[in-house]
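Q: Shown below is the structure under consideration.
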Amino acid sequence: MPRKAPAQDIDESALHTHAPKDHAAGVKAVLVSMRRGWEQMGVGRTALTLPLLNQRAGFDCPGCAWPDPQEADGDKRSVAEFCENGAKAVAEEATTRRVDAEFFARHSIEELAEKTDYWLGQQGRLTEPMIRREGDTHYRPIDWDGALDVVAEQLRGLESADEAAFYTSGRTSNEAAFLYQLLVRSFGTNNLPDCSNMCHESSGSALTETIGVGKGSVSLADVEHSDLVLVVGQNPGTNHPRMLSTLEKVKGHGGTIVAVNPLPEAGLMRFKNPQNVRGVVGSGTPLCDEFAQIRIGGDLALFKALTALVVRAEQEAPGTVLDREFIDQHTHGSEEFLAQAAEIDWDATIAATGLPREQIEKIARLLVRSERTVICWAMGLTQHKKAVPTIREAVNLLLLRGMIGKPGAGVCPVRGHSNVQGDRTMGIWEKMPEQFLAAMEAEFGIPMPREHGHDTVDTLRAMRRGGVKAFFAVGGNFVSATPDTEGTEKALRGCQLTVQVSTKLNRSHAVPGSTALILPTLGRTERDVQETGPQFVTVEDSMSVVHASRGRLKPASESLLSEVAIVARLARKLLGDDHPVRWEEFERDYDAVREHIAAVVPGCEDYNEKVRRPDGFVLPHPPRDSRTFPTATGKANFTVNTPEPLVVPEGRLLLQTLRSHDQYNTTIYGLSDRYRGIEDARRVIMVNEADIAALGFAEGDLVDLVSEWPGEPGPSGESTVEERRAERFRIVAYPTARDCAAAYYPEANPLVPLGSVAEKSNTPVSKAVLIRLDRVES
């Protein structure tokens with residue numbers, strides 16, 4: 001099949017819609033996977049690449065962090081251990097399209113800035129280092145030594161190391177992440193913002209406070225053998241499609257699934273597994289036993305009501321519902337919690353959730369009957385002002401019935417990006433604990449900075465006031481991933497230096513500082529050969545399993561360096577040859593990196609041996625392993641959490657940003673959101689049909705989205721409103737919850753104010769943006 005030329009841009013007027021699907025996957029998913037592979041890679045390269053995806057001797061998917069089946073649990077891996085969106089991710093990385101010096105000579109930076117994220121991503125793989133010097137209109141080629149000299153010179157010229165910020169995305173390997181944080185801390189700062197700050201930081205904050213570990217407490221086998229799974233604020237059919245196979249096994253074991261979401265998503269309704277007969281020629285497997293279509297922001301009120309009903313059930317039948325032995329032995333704060341837990345204001349709860357009382361009571365009965373309960377969630381919970389209290393309340397619900405440290409039960413925050421969890425384990429955090437920093441000092445004999453650094457939001461704030469002047473990113477697309485797009489772009493353009501370590505072209509390359517560099521790196525799929533021979537890297541999945549990943553394809557260019565090599569070479573340039581760390585050895589042999597990981601990172605003893613096991617190894621998790629809770633109290637903590645109803649004024653809507661089925665994070669694969677029935681356009685807003693009529697619009701109307709945010713008080717102390725505008729969106733009638741709307745990011749990111757963040761975690765509130773629709777004449 002001939003490979004298609006890249007799309008030039010998006011014709012939003014080509015929008016057409018069809019009825020949303022009532023199931024996910026099926027034969028269509030296989031056909032789309034193959035077609036995207038052939039378009040990007042060609043037939044032969046597709047046939048060579050996809051069979052290696054998520055295999056023990058192959059490479060880890062560069063998409064989501066859903067875990068692989070484990071032999072220890074009796075699970076065998078399929079010969080096609082990947083999903084449609086995993087295949088798309090590989091096709092994007094292993095594409096035969098190239099972005100070289102000739103491309104940059106033809107396209108000015110100003111021209112690139114006018115292109116959509118989709119167009120930029122479709123151009124292909126970066127092939128050689130490029131630089132934009134102050135005053136240049138185009139990027140120009142530069143050799144590696146020259147590029148790293150520029151970076152080192154600019155960083156050394158700062159008045160303080162804290163004037164630099166070092167960003168990381170989830171695609172970075174454990175080895176590269178460990179070296180990166182070592183480089184940054186050797187330079188003298190803890191400014192290590194990362195993509196976790198914008199997604200699951202709320203999960204980490206809530207779980208660390210309540211159970212002592214900011215990670216999920218379940219294994220894949222636990223989920224498969226649970227009695228009851230709550231899937232809350234998550235769309236697995238698009239964002240973690242291999243999770244559908246796990247949910248299918250839940251149903252096969254007689255388990256019950258409850259979905260809580262403002263939108264009905266195909267992947268929560270029915271799964272047609274393309275790897276079995278029922279999924280190919282049959283009707284597939286119904287997944288969701290109960291769909292609770294909650295209003296945006298109503299999750300805390302729902303969890304409060306559920307805990308109240310569970311406590312009331314215990315009061316009605318003492319000794320039959322709560323796990324008193326677990327509560328007495330392993331928890332703290334139960335008396336204060338139980339004193340208020342049974343209270344419930346039904347009018348307020350129904351108003352906040354939009355759910356009927358009967359449905360909430362039905363879900364509570366399921367919780368009371370279940371002996372093994374798992375609560376799963378994603379960014380539908382984490383990107384709210386009350387995200388941390390909401391997750392804490394979910395933990396309360398599990399603690400009441402002893403569902404932590406019990407087979408088939410626990411918390412399951414589903415991480416969005418492959419190895420985003422591993423990066424944190426390796427030290428990518430602006431607030432790493434003293435134990436880690438002390439271990440680093442002991443291992444390397446150099447002082448580690450102790451003052452907390454900037455997270456993502458605080459990095460942007462510091463850039464705006466001139467406190468951060470240099471920005472270095474390993475992976476990711478910072479401009480398109482962050483909130484308040486206009487402000488972010490202005491902040492980056494105000495930097496003296498911006499550096500992007502990337503595999504493909506993205507919007508961040510079109511928003512340069514005075515001096516800007518693009519440093520191209522190897523992808524997951526590619527062979528990494530260093531002086532001592534072929535290398536492998538390691539990653540950590542969403543359930544704390546660490547395993548090896550080995551690229552097999554010929555690199556896209558002979559000029560590419562691995563992330564490990566880029567960090568090691570920059571360290572030698574920046575810190576000098578007399579620095580006590582043997583950076584050159586790390587580039588030669590990644591085993592040397594892993595020896596230091598073993599000495600520093602808890603649970604990674606004998607790292608080189610463990611990661612060579614076929615399925616790798618599982619990091620320790622005291623709450624899961626021994627019902628030991630490393631919190632301030634030494635026990636799992638009950639917490640009292642107070643809902644804060646979101647009031648939607650007349651004529652306004654609550655907007656959540658989300659992905660199309662044809663994208664992964666900020667990477668746009670195509671223009672088919674086929675499960676939702678939206679084709680060939682991205683600037684759309686999904687609104688309930690009744691709300692469209694009530695607001696005086698019709699489906700297909702062209703509108704500007706205008707977010708409203710409390711501004712600074714006026715001269716006389718009066719209230720003011722700040723506005724942000726995203727232009728020219730088409731209204732699509734969609735069965736969302738009433739008063740709620742949805743639009744794709746990054747197109748809707750300009751609407752999210754930098755000042756709108758979750759309590760405690762500082763995560764941008766992208767799932768509850770108050771907006772109005774302003775009519776635009778076609």
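The way I read the labels, and the way they are meant: chains A, B, ... in the order of the structure tokens, residue 1 as the first residue of every chain, and ligand 1 as the first ligand shown, with later ones counted on from there.
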Excluding stretch 611-621 of chain A and its own-chain neighbours fewer than 2 positions away, which residues fall within 9 Å of it when counting only C-alpha atoms? Please give them as number ranges by chain.
A: A: 56-57, 68-72, 213, 215-217, 538, 540, 543-548, 602-604, 606-609, 623-626, 628
Q: Save the residues we just selected, C-alpha atoms, as an mmCIF file, in the first residue's frame?
A:
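For reference, result-v2.cif as written:
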data_model
loop_
_atom_site.group_PDB
_atom_site.id
_atom_site.type_symbol
_atom_site.label_atom_id
_atom_site.label_comp_id
_atom_site.auth_asym_id
_atom_site.auth_seq_id
_atom_site.Cartn_x
_atom_site.Cartn_y
_atom_site.Cartn_z
ATOM 1 C CA ARG A 56 9.524 -9.760 26.724
ATOM 2 C CA ALA A 57 12.293 -9.569 24.122
ATOM 3 C CA ASP A 68 1.663 -6.475 30.747
ATOM 4 C CA PRO A 69 0.432 -9.972 31.726
ATOM 5 C CA GLN A 70 2.776 -11.741 34.154
ATOM 6 C CA GLU A 71 3.829 -15.392 33.959
ATOM 7 C CA ALA A 72 3.803 -15.536 37.756
ATOM 8 C CA VAL A 213 2.757 5.514 49.165
ATOM 9 C CA LYS A 215 1.193 4.749 43.872
ATOM 10 C CA GLY A 216 -1.534 2.223 43.219
ATOM 11 C CA SER A 217 -1.776 -0.760 45.551
ATOM 12 C CA THR A 538 14.014 -0.060 31.864
ATOM 13 C CA GLU A 540 7.957 1.082 35.340
ATOM 14 C CA MET A 543 1.347 -1.138 38.883
ATOM 15 C CA SER A 544 5.001 -0.775 39.949
ATOM 16 C CA VAL A 545 6.419 -3.510 37.708
ATOM 17 C CA VAL A 546 9.882 -2.626 36.387
ATOM 18 C CA HIS A 547 11.015 -4.375 33.216
ATOM 19 C CA ALA A 548 13.402 -4.075 30.284
ATOM 20 C CA PRO A 602 14.608 1.979 47.570
ATOM 21 C CA GLY A 603 13.510 -1.440 46.353
ATOM 22 C CA CYS A 604 16.026 -1.519 43.497
ATOM 23 C CA ASP A 606 20.295 -6.071 42.604
ATOM 24 C CA TYR A 607 18.699 -3.988 39.861
ATOM 25 C CA ASN A 608 20.800 -5.360 37.007
ATOM 26 C CA GLU A 609 19.881 -8.910 37.902
ATOM 27 C CA PRO A 623 0.473 -1.089 52.223
ATOM 28 C CA ARG A 624 -0.045 -3.774 49.587
ATOM 29 C CA ASP A 625 2.630 -6.180 50.768
ATOM 30 C CA SER A 626 2.228 -6.154 54.541
ATOM 31 C CA THR A 628 2.320 -1.375 56.688
#
Q: Using only C-alpha atoms, which protein or nucleic acid residues come within 8 Å of stretch 241-251 of chain A? Drop anything in the same chain fewer than 6 positions from it, and give the result as a PyMOL selection string.
A: chain A and resi 66+82-85+220+223-227+257+267+271+273+285+287
Q: Output the selection as a PDB file, in the first residue's frame - N, CA, C and O atoms for each residue.
A:
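The resulting file, result.pdb, is reproduced below:
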ATOM      1  N   TRP A  66      -0.292   0.937  31.005  1.00  0.00           N
ATOM      2  CA  TRP A  66      -1.027  -0.243  31.471  1.00  0.00           C
ATOM      3  C   TRP A  66      -0.084  -1.439  31.502  1.00  0.00           C
ATOM      4  O   TRP A  66       0.711  -1.640  30.580  1.00  0.00           O
ATOM      5  N   PHE A  82      -0.909  -5.580  22.033  1.00  0.00           N
ATOM      6  CA  PHE A  82      -0.987  -4.131  21.877  1.00  0.00           C
ATOM      7  C   PHE A  82      -2.407  -3.765  21.479  1.00  0.00           C
ATOM      8  O   PHE A  82      -3.201  -4.605  21.070  1.00  0.00           O
ATOM      9  N   CYS A  83      -2.703  -2.475  21.600  1.00  0.00           N
ATOM     10  CA  CYS A  83      -4.025  -1.976  21.246  1.00  0.00           C
ATOM     11  C   CYS A  83      -3.903  -1.072  20.023  1.00  0.00           C
ATOM     12  O   CYS A  83      -2.804  -0.806  19.522  1.00  0.00           O
ATOM     13  N   GLU A  84      -5.033  -0.577  19.570  1.00  0.00           N
ATOM     14  CA  GLU A  84      -5.044   0.305  18.402  1.00  0.00           C
ATOM     15  C   GLU A  84      -4.183   1.541  18.626  1.00  0.00           C
ATOM     16  O   GLU A  84      -3.361   1.913  17.770  1.00  0.00           O
ATOM     17  N   ASN A  85      -4.333   2.186  19.779  1.00  0.00           N
ATOM     18  CA  ASN A  85      -3.582   3.415  19.995  1.00  0.00           C
ATOM     19  C   ASN A  85      -2.111   3.149  20.272  1.00  0.00           C
ATOM     20  O   ASN A  85      -1.260   4.001  20.011  1.00  0.00           O
ATOM     21  N   LEU A 220      -2.207  -6.444  38.372  1.00  0.00           N
ATOM     22  CA  LEU A 220      -3.142  -6.784  37.304  1.00  0.00           C
ATOM     23  C   LEU A 220      -4.043  -7.936  37.734  1.00  0.00           C
ATOM     24  O   LEU A 220      -5.255  -7.932  37.488  1.00  0.00           O
ATOM     25  N   VAL A 223      -6.958  -6.793  39.981  1.00  0.00           N
ATOM     26  CA  VAL A 223      -8.092  -6.210  39.264  1.00  0.00           C
ATOM     27  C   VAL A 223      -8.911  -7.309  38.605  1.00  0.00           C
ATOM     28  O   VAL A 223     -10.146  -7.326  38.690  1.00  0.00           O
ATOM     29  N   GLU A 224      -8.239  -8.246  37.965  1.00  0.00           N
ATOM     30  CA  GLU A 224      -8.938  -9.309  37.231  1.00  0.00           C
ATOM     31  C   GLU A 224      -9.821 -10.150  38.146  1.00  0.00           C
ATOM     32  O   GLU A 224     -10.871 -10.630  37.731  1.00  0.00           O
ATOM     33  N   HIS A 225      -9.415 -10.333  39.399  1.00  0.00           N
ATOM     34  CA  HIS A 225     -10.146 -11.221  40.310  1.00  0.00           C
ATOM     35  C   HIS A 225     -10.957 -10.467  41.359  1.00  0.00           C
ATOM     36  O   HIS A 225     -11.400 -11.059  42.349  1.00  0.00           O
ATOM     37  N   SER A 226     -11.189  -9.191  41.130  1.00  0.00           N
ATOM     38  CA  SER A 226     -12.005  -8.427  42.068  1.00  0.00           C
ATOM     39  C   SER A 226     -13.489  -8.733  41.876  1.00  0.00           C
ATOM     40  O   SER A 226     -13.916  -9.182  40.812  1.00  0.00           O
ATOM     41  N   ASP A 227     -14.262  -8.469  42.926  1.00  0.00           N
ATOM     42  CA  ASP A 227     -15.724  -8.613  42.847  1.00  0.00           C
ATOM     43  C   ASP A 227     -16.362  -7.379  42.225  1.00  0.00           C
ATOM     44  O   ASP A 227     -17.384  -7.471  41.544  1.00  0.00           O
ATOM     45  N   ILE A 257     -18.907  -4.185  37.349  1.00  0.00           N
ATOM     46  CA  ILE A 257     -18.204  -2.963  36.984  1.00  0.00           C
ATOM     47  C   ILE A 257     -19.175  -1.788  37.039  1.00  0.00           C
ATOM     48  O   ILE A 257     -20.263  -1.845  36.458  1.00  0.00           O
ATOM     49  N   GLY A 267     -15.891   2.533  25.463  1.00  0.00           N
ATOM     50  CA  GLY A 267     -15.038   1.567  26.131  1.00  0.00           C
ATOM     51  C   GLY A 267     -15.509   1.165  27.509  1.00  0.00           C
ATOM     52  O   GLY A 267     -14.985   0.221  28.092  1.00  0.00           O
ATOM     53  N   PHE A 271     -17.124  -4.415  25.051  1.00  0.00           N
ATOM     54  CA  PHE A 271     -15.815  -4.650  24.457  1.00  0.00           C
ATOM     55  C   PHE A 271     -15.894  -5.818  23.489  1.00  0.00           C
ATOM     56  O   PHE A 271     -16.264  -6.926  23.870  1.00  0.00           O
ATOM     57  N   ASN A 273     -13.501  -7.884  21.819  1.00  0.00           N
ATOM     58  CA  ASN A 273     -12.091  -8.254  21.811  1.00  0.00           C
ATOM     59  C   ASN A 273     -11.728  -8.864  20.457  1.00  0.00           C
ATOM     60  O   ASN A 273     -12.201  -9.951  20.111  1.00  0.00           O
ATOM     61  N   THR A 285     -18.431  -8.408  24.839  1.00  0.00           N
ATOM     62  CA  THR A 285     -18.706  -8.558  26.268  1.00  0.00           C
ATOM     63  C   THR A 285     -19.242  -7.264  26.852  1.00  0.00           C
ATOM     64  O   THR A 285     -18.538  -6.243  26.830  1.00  0.00           O
ATOM     65  N   LEU A 287     -19.612  -4.640  29.539  1.00  0.00           N
ATOM     66  CA  LEU A 287     -18.700  -4.364  30.648  1.00  0.00           C
ATOM     67  C   LEU A 287     -19.388  -3.678  31.819  1.00  0.00           C
ATOM     68  O   LEU A 287     -19.334  -4.132  32.944  1.00  0.00           O
TER      69      LEU A 287
END
Q: Write out as number ranges by chain each polymer residue whose atoms come within 7 Å of A:Tyr734, counting only C-alpha atoms; drop sequence neighbours fewer than 2 positions from it.
A: A: 686-689, 732, 736
Q: Quick check for you: according to DSSP on this backbone, which residues of stretch 286-527 of chain A are classed as strand (DSSP E or B)? Reply as a ChimeraX atom specification.
A: /A:286,290-292,331-332,373-377,410-413,470-474,497-502,504,515-521,526
Q: Next, write the just-selected residues to a file, as an mmCIF file, in the first residue's frame, keeping N, CA and C atoms as the atom set.
A:
data_model
loop_
_atom_site.group_PDB
_atom_site.id
_atom_site.type_symbol
_atom_site.label_atom_id
_atom_site.label_comp_id
_atom_site.auth_asym_id
_atom_site.auth_seq_id
_atom_site.Cartn_x
_atom_site.Cartn_y
_atom_site.Cartn_z
ATOM 1 N N PRO A 286 -20.472 -7.260 27.372
ATOM 2 C CA PRO A 286 -20.937 -6.070 28.095
ATOM 3 C C PRO A 286 -20.064 -5.850 29.327
ATOM 4 N N GLU A 290 -23.373 -0.757 35.742
ATOM 5 C CA GLU A 290 -24.061 0.443 36.209
ATOM 6 C C GLU A 290 -23.290 1.658 35.708
ATOM 7 N N PHE A 291 -23.972 2.518 34.953
ATOM 8 C CA PHE A 291 -23.337 3.741 34.472
ATOM 9 C C PHE A 291 -23.935 4.925 35.211
ATOM 10 N N ALA A 292 -23.095 5.597 35.994
ATOM 11 C CA ALA A 292 -23.522 6.778 36.739
ATOM 12 C C ALA A 292 -23.018 8.007 35.995
ATOM 13 N N THR A 331 -5.520 1.659 61.077
ATOM 14 C CA THR A 331 -5.927 3.000 60.653
ATOM 15 C C THR A 331 -5.854 4.001 61.801
ATOM 16 N N HIS A 332 -5.819 5.263 61.416
ATOM 17 C CA HIS A 332 -5.792 6.379 62.362
ATOM 18 C C HIS A 332 -6.894 7.361 61.968
ATOM 19 N N THR A 373 -12.877 -5.076 46.375
ATOM 20 C CA THR A 373 -13.238 -3.876 45.630
ATOM 21 C C THR A 373 -11.988 -3.135 45.179
ATOM 22 N N VAL A 374 -11.980 -2.717 43.910
ATOM 23 C CA VAL A 374 -10.909 -1.894 43.348
ATOM 24 C C VAL A 374 -11.537 -0.600 42.837
ATOM 25 N N ILE A 375 -10.919 0.524 43.161
ATOM 26 C CA ILE A 375 -11.348 1.806 42.597
ATOM 27 C C ILE A 375 -10.258 2.296 41.654
ATOM 28 N N CYS A 376 -10.618 2.453 40.374
ATOM 29 C CA CYS A 376 -9.706 2.954 39.352
ATOM 30 C C CYS A 376 -10.098 4.383 38.998
ATOM 31 N N TRP A 377 -9.103 5.212 38.693
ATOM 32 C CA TRP A 377 -9.416 6.568 38.245
ATOM 33 C C TRP A 377 -8.272 7.105 37.395
ATOM 34 N N GLY A 410 -8.122 -2.669 46.282
ATOM 35 C CA GLY A 410 -7.178 -1.586 46.482
ATOM 36 C C GLY A 410 -7.414 -0.399 45.583
ATOM 37 N N VAL A 411 -6.449 0.523 45.589
ATOM 38 C CA VAL A 411 -6.518 1.735 44.779
ATOM 39 C C VAL A 411 -5.750 1.526 43.486
ATOM 40 N N CYS A 412 -6.291 2.087 42.396
ATOM 41 C CA CYS A 412 -5.693 1.888 41.081
ATOM 42 C C CYS A 412 -5.725 3.187 40.278
ATOM 43 N N PRO A 413 -4.826 4.145 40.595
ATOM 44 C CA PRO A 413 -4.703 5.301 39.718
ATOM 45 C C PRO A 413 -4.036 4.857 38.417
ATOM 46 N N ALA A 470 16.144 29.853 31.679
ATOM 47 C CA ALA A 470 16.558 28.755 30.804
ATOM 48 C C ALA A 470 15.637 27.569 31.038
ATOM 49 N N PHE A 471 15.206 26.944 29.959
ATOM 50 C CA PHE A 471 14.261 25.831 30.043
ATOM 51 C C PHE A 471 14.793 24.680 29.198
ATOM 52 N N PHE A 472 14.946 23.512 29.822
ATOM 53 C CA PHE A 472 15.469 22.320 29.156
ATOM 54 C C PHE A 472 14.423 21.220 29.322
ATOM 55 N N ALA A 473 13.982 20.616 28.217
ATOM 56 C CA ALA A 473 12.944 19.585 28.272
ATOM 57 C C ALA A 473 13.449 18.296 27.644
ATOM 58 N N VAL A 474 13.343 17.207 28.388
ATOM 59 C CA VAL A 474 13.606 15.884 27.824
ATOM 60 C C VAL A 474 12.257 15.254 27.512
ATOM 61 N N LEU A 497 17.207 30.837 26.970
ATOM 62 C CA LEU A 497 17.550 29.548 26.360
ATOM 63 C C LEU A 497 16.379 28.591 26.492
ATOM 64 N N THR A 498 16.023 27.922 25.394
ATOM 65 C CA THR A 498 15.089 26.797 25.440
ATOM 66 C C THR A 498 15.724 25.639 24.685
ATOM 67 N N VAL A 499 15.623 24.445 25.270
ATOM 68 C CA VAL A 499 16.198 23.239 24.669
ATOM 69 C C VAL A 499 15.139 22.147 24.702
ATOM 70 N N GLN A 500 14.937 21.505 23.567
ATOM 71 C CA GLN A 500 13.945 20.428 23.468
ATOM 72 C C GLN A 500 14.634 19.162 22.984
ATOM 73 N N VAL A 501 14.659 18.120 23.828
ATOM 74 C CA VAL A 501 15.148 16.799 23.423
ATOM 75 C C VAL A 501 13.937 16.024 22.936
ATOM 76 N N SER A 502 13.895 15.734 21.625
ATOM 77 C CA SER A 502 12.648 15.263 21.015
ATOM 78 C C SER A 502 12.919 14.204 19.950
ATOM 79 N N LYS A 504 10.199 13.925 17.564
ATOM 80 C CA LYS A 504 9.404 14.461 16.459
ATOM 81 C C LYS A 504 9.161 15.955 16.653
ATOM 82 N N THR A 515 17.796 31.966 22.387
ATOM 83 C CA THR A 515 18.570 30.879 21.784
ATOM 84 C C THR A 515 17.782 29.602 22.014
ATOM 85 N N ALA A 516 17.601 28.823 20.968
ATOM 86 C CA ALA A 516 16.792 27.610 21.080
ATOM 87 C C ALA A 516 17.475 26.462 20.357
ATOM 88 N N LEU A 517 17.443 25.286 20.966
ATOM 89 C CA LEU A 517 18.024 24.102 20.338
ATOM 90 C C LEU A 517 17.022 22.963 20.314
ATOM 91 N N ILE A 518 17.068 22.199 19.233
ATOM 92 C CA ILE A 518 16.327 20.956 19.112
ATOM 93 C C ILE A 518 17.353 19.844 19.061
ATOM 94 N N LEU A 519 17.312 18.945 20.033
ATOM 95 C CA LEU A 519 18.269 17.844 20.120
ATOM 96 C C LEU A 519 17.520 16.538 19.848
ATOM 97 N N PRO A 520 17.742 15.914 18.690
ATOM 98 C CA PRO A 520 16.972 14.721 18.323
ATOM 99 C C PRO A 520 17.498 13.475 19.032
ATOM 100 N N THR A 521 16.588 12.619 19.457
ATOM 101 C CA THR A 521 16.974 11.449 20.241
ATOM 102 C C THR A 521 16.358 10.171 19.693
ATOM 103 N N GLU A 526 13.928 1.911 18.637
ATOM 104 C CA GLU A 526 15.185 1.880 17.881
ATOM 105 C C GLU A 526 16.346 1.243 18.644
#
Q: Tell me which protein, DNA and RNA residues are within 12 Å of A:Arg156, counting only C-alpha atoms, leaving out same-chain ones fewer than 3 positions away, and put them as a PDB file with C-alpha atoms, in the first residue's frame.
A:
ATOM      1  CA  ASP A 149      28.683  23.736  24.166  1.00  0.00           C
ATOM      2  CA  VAL A 150      25.968  26.348  23.612  1.00  0.00           C
ATOM      3  CA  VAL A 151      23.720  24.783  26.253  1.00  0.00           C
ATOM      4  CA  ALA A 152      26.522  24.482  28.804  1.00  0.00           C
ATOM      5  CA  GLU A 153      27.733  28.036  28.201  1.00  0.00           C
ATOM      6  CA  GLU A 159      23.324  33.998  38.111  1.00  0.00           C
ATOM      7  CA  SER A 160      21.949  30.929  39.899  1.00  0.00           C
ATOM      8  CA  ALA A 161      21.151  27.328  38.989  1.00  0.00           C
ATOM      9  CA  ASP A 162      17.613  28.086  40.140  1.00  0.00           C
ATOM     10  CA  GLU A 163      17.206  30.308  37.060  1.00  0.00           C
ATOM     11  CA  ALA A 164      16.955  27.083  35.025  1.00  0.00           C
ATOM     12  CA  PHE A 187      24.207  21.697  38.778  1.00  0.00           C
ATOM     13  CA  GLY A 188      22.550  22.912  41.958  1.00  0.00           C
ATOM     14  CA  LYS A 469      15.552  32.152  32.197  1.00  0.00           C
ATOM     15  CA  ALA A 470      16.558  28.755  30.804  1.00  0.00           C
ATOM     16  CA  LEU A 497      17.550  29.548  26.360  1.00  0.00           C
ATOM     17  CA  LEU A 570      25.950  17.575  28.547  1.00  0.00           C
ATOM     18  CA  ALA A 571      27.020  16.791  32.121  1.00  0.00           C
ATOM     19  CA  LYS A 573      30.385  19.912  29.225  1.00  0.00           C
ATOM     20  CA  LEU A 574      28.504  21.650  32.031  1.00  0.00           C
ATOM     21  CA  LEU A 575      30.191  20.219  35.128  1.00  0.00           C
ATOM     22  CA  GLY A 576      33.692  19.699  33.766  1.00  0.00           C
TER      23      GLY A 576
END
Q: Write down as a list in words the residues of stretch 155-199 of chain A whose backbone DSSP state falls under helix (DSSP H, G or I).
A: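 Those residues are Leu155, Arg156, Ala161, Asp162, Glu163, Asn174, Glu175, Ala176, Ala177, Phe178, Leu179, Tyr180, Gln181, Leu182, Leu183, Val184, Arg185, Ser186, Phe187, Cys195, Ser196, Asn197 and Met198 of chain A.
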Q: Selected residues, C-alpha atoms, written as a CSV table (one decimal), in the first residue's frame, please.
A:
chain,number,residue,atom,x,y,z
A,155,LEU,CA,23.6,27.5,31.8
A,156,ARG,CA,26.9,28.5,33.3
A,161,ALA,CA,21.2,27.3,39.0
A,162,ASP,CA,17.6,28.1,40.1
A,163,GLU,CA,17.2,30.3,37.1
A,174,ASN,CA,14.6,5.0,34.1
A,175,GLU,CA,18.3,5.2,33.2
A,176,ALA,CA,17.9,8.6,31.5
A,177,ALA,CA,15.7,9.9,34.2
A,178,PHE,CA,18.1,8.9,37.0
A,179,LEU,CA,21.0,10.5,35.2
A,180,TYR,CA,19.0,13.6,34.4
A,181,GLN,CA,18.1,14.3,38.0
A,182,LEU,CA,21.7,13.6,39.0
A,183,LEU,CA,22.8,16.2,36.4
A,184,VAL,CA,20.3,18.8,37.5
A,185,ARG,CA,21.0,18.4,41.2
A,186,SER,CA,24.8,18.4,40.5
A,187,PHE,CA,24.2,21.7,38.8
A,195,CYS,CA,4.2,15.8,33.2
A,196,SER,CA,3.1,14.2,36.5
A,197,ASN,CA,2.5,17.7,37.9
A,198,MET,CA,-0.3,18.0,35.3
Q: Could you jot down the atom CA of A:Arg97 to atom CA of A:Gly37 separation for me, Å, one decimal place?
A: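 According to the coordinates, atom CA of A:Arg97 and atom CA of A:Gly37 are separated by 12.4 Å.
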Q: For atom CA of A:Leu120 and atom CA of A:Ser508, determine how far apart the two atoms are, in Å to one decimal place.
A: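 Separation between atom CA of A:Leu120 and atom CA of A:Ser508: 10.2 Å.
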Q: Record the distance separating atom CA of A:Gln275 and atom CA of A:Gln55, expressed in Å with one decimal.
A: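 Distance reported for this atom pair: 16.4 Å.
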Q: Can you pull out the residues contacting A:Pro62? Cut-off 10 Å, using only C-alpha atoms, and skip same-chain residues under 4 positions away; I want them as an NGL selection string.
A: :A and (53-54 or 86-90 or 93 or 170-172 or 417-419 or 523-525)
Q: Which residues, written as a PyMOL selection string, have at least one atom at most 10 Å from A:Ser108, with only C-alpha atoms counted and residues fewer than 6 positions away on the same chain left out?
A: chain A and resi 136-139+510
Q: Which residues of stretch 192-262 of chain A come within 10 Å of stretch 750-759 of chain A, and for each one, what is the closest pair of atoms and their distance in Å to one decimal, counting only C-alpha atoms, sorted by chain and residue number, as a tab-separated table?
A:
residue	atom	partner	partner_atom	distance
A:Met198	CA	A:Val757	CA	9.6
A:Glu201	CA	A:Ala758	CA	9.4
A:Ser202	CA	A:Ala758	CA	7.5
A:Ser205	CA	A:Glu759	CA	9.9
Q: If you take only C-alpha atoms and a cut-off of 12 Å, which residues of stretch 169-242 of chain A touch stretch 458-463 of chain A, and what are their nearest atom pairs and distances in Å to one decimal, in chain and number order, as a Markdown table?
A:
| residue | atom | partner | partner_atom | distance |
| --- | --- | --- | --- | --- |
| A:Asn190 | CA | A:Thr459 | CA | 11.4 |
| A:Asn191 | CA | A:Thr459 | CA | 7.8 |
| A:Leu192 | CA | A:Thr459 | CA | 9.1 |
| A:Pro193 | CA | A:Thr459 | CA | 7.2 |
| A:Asp194 | CA | A:Thr459 | CA | 10.3 |
| A:Asn197 | CA | A:Asp458 | CA | 10.2 |
| A:Met198 | CA | A:Asp458 | CA | 11.7 |
Q: Can you work out which one of A:Lys115, A:Arg772, A:Arg738, A:Arg312 has the shortest atom-to-atom distance to A:Glu723, counting only C-alpha atoms?
A: A:Arg772
Q: For stretch 583-585 of chain A, list every protein, DNA or RNA residue within 10 Å, evaluated using only C-alpha atoms, and leave out those in the same chain fewer than 4 positions away; present the list as a PyMOL selection string.
A: chain A and resi 179+183+531-532+564-565+567-572+577+579+589-593
Q: Ranking A:Arg45, A:Ser334, A:Glu134, A:Ala438 by minimum distance to A:Arg493 and counting only C-alpha atoms, which one comes first?
A: A:Glu134
Q: Looking at A:Glu777, A:Asp22, A:Asp117, A:Glu111, which one is nearest to A:Pro746, with distances taken over only C-alpha atoms?
A: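 With only C-alpha atoms as the atom set, the closest residue is A:Asp117.
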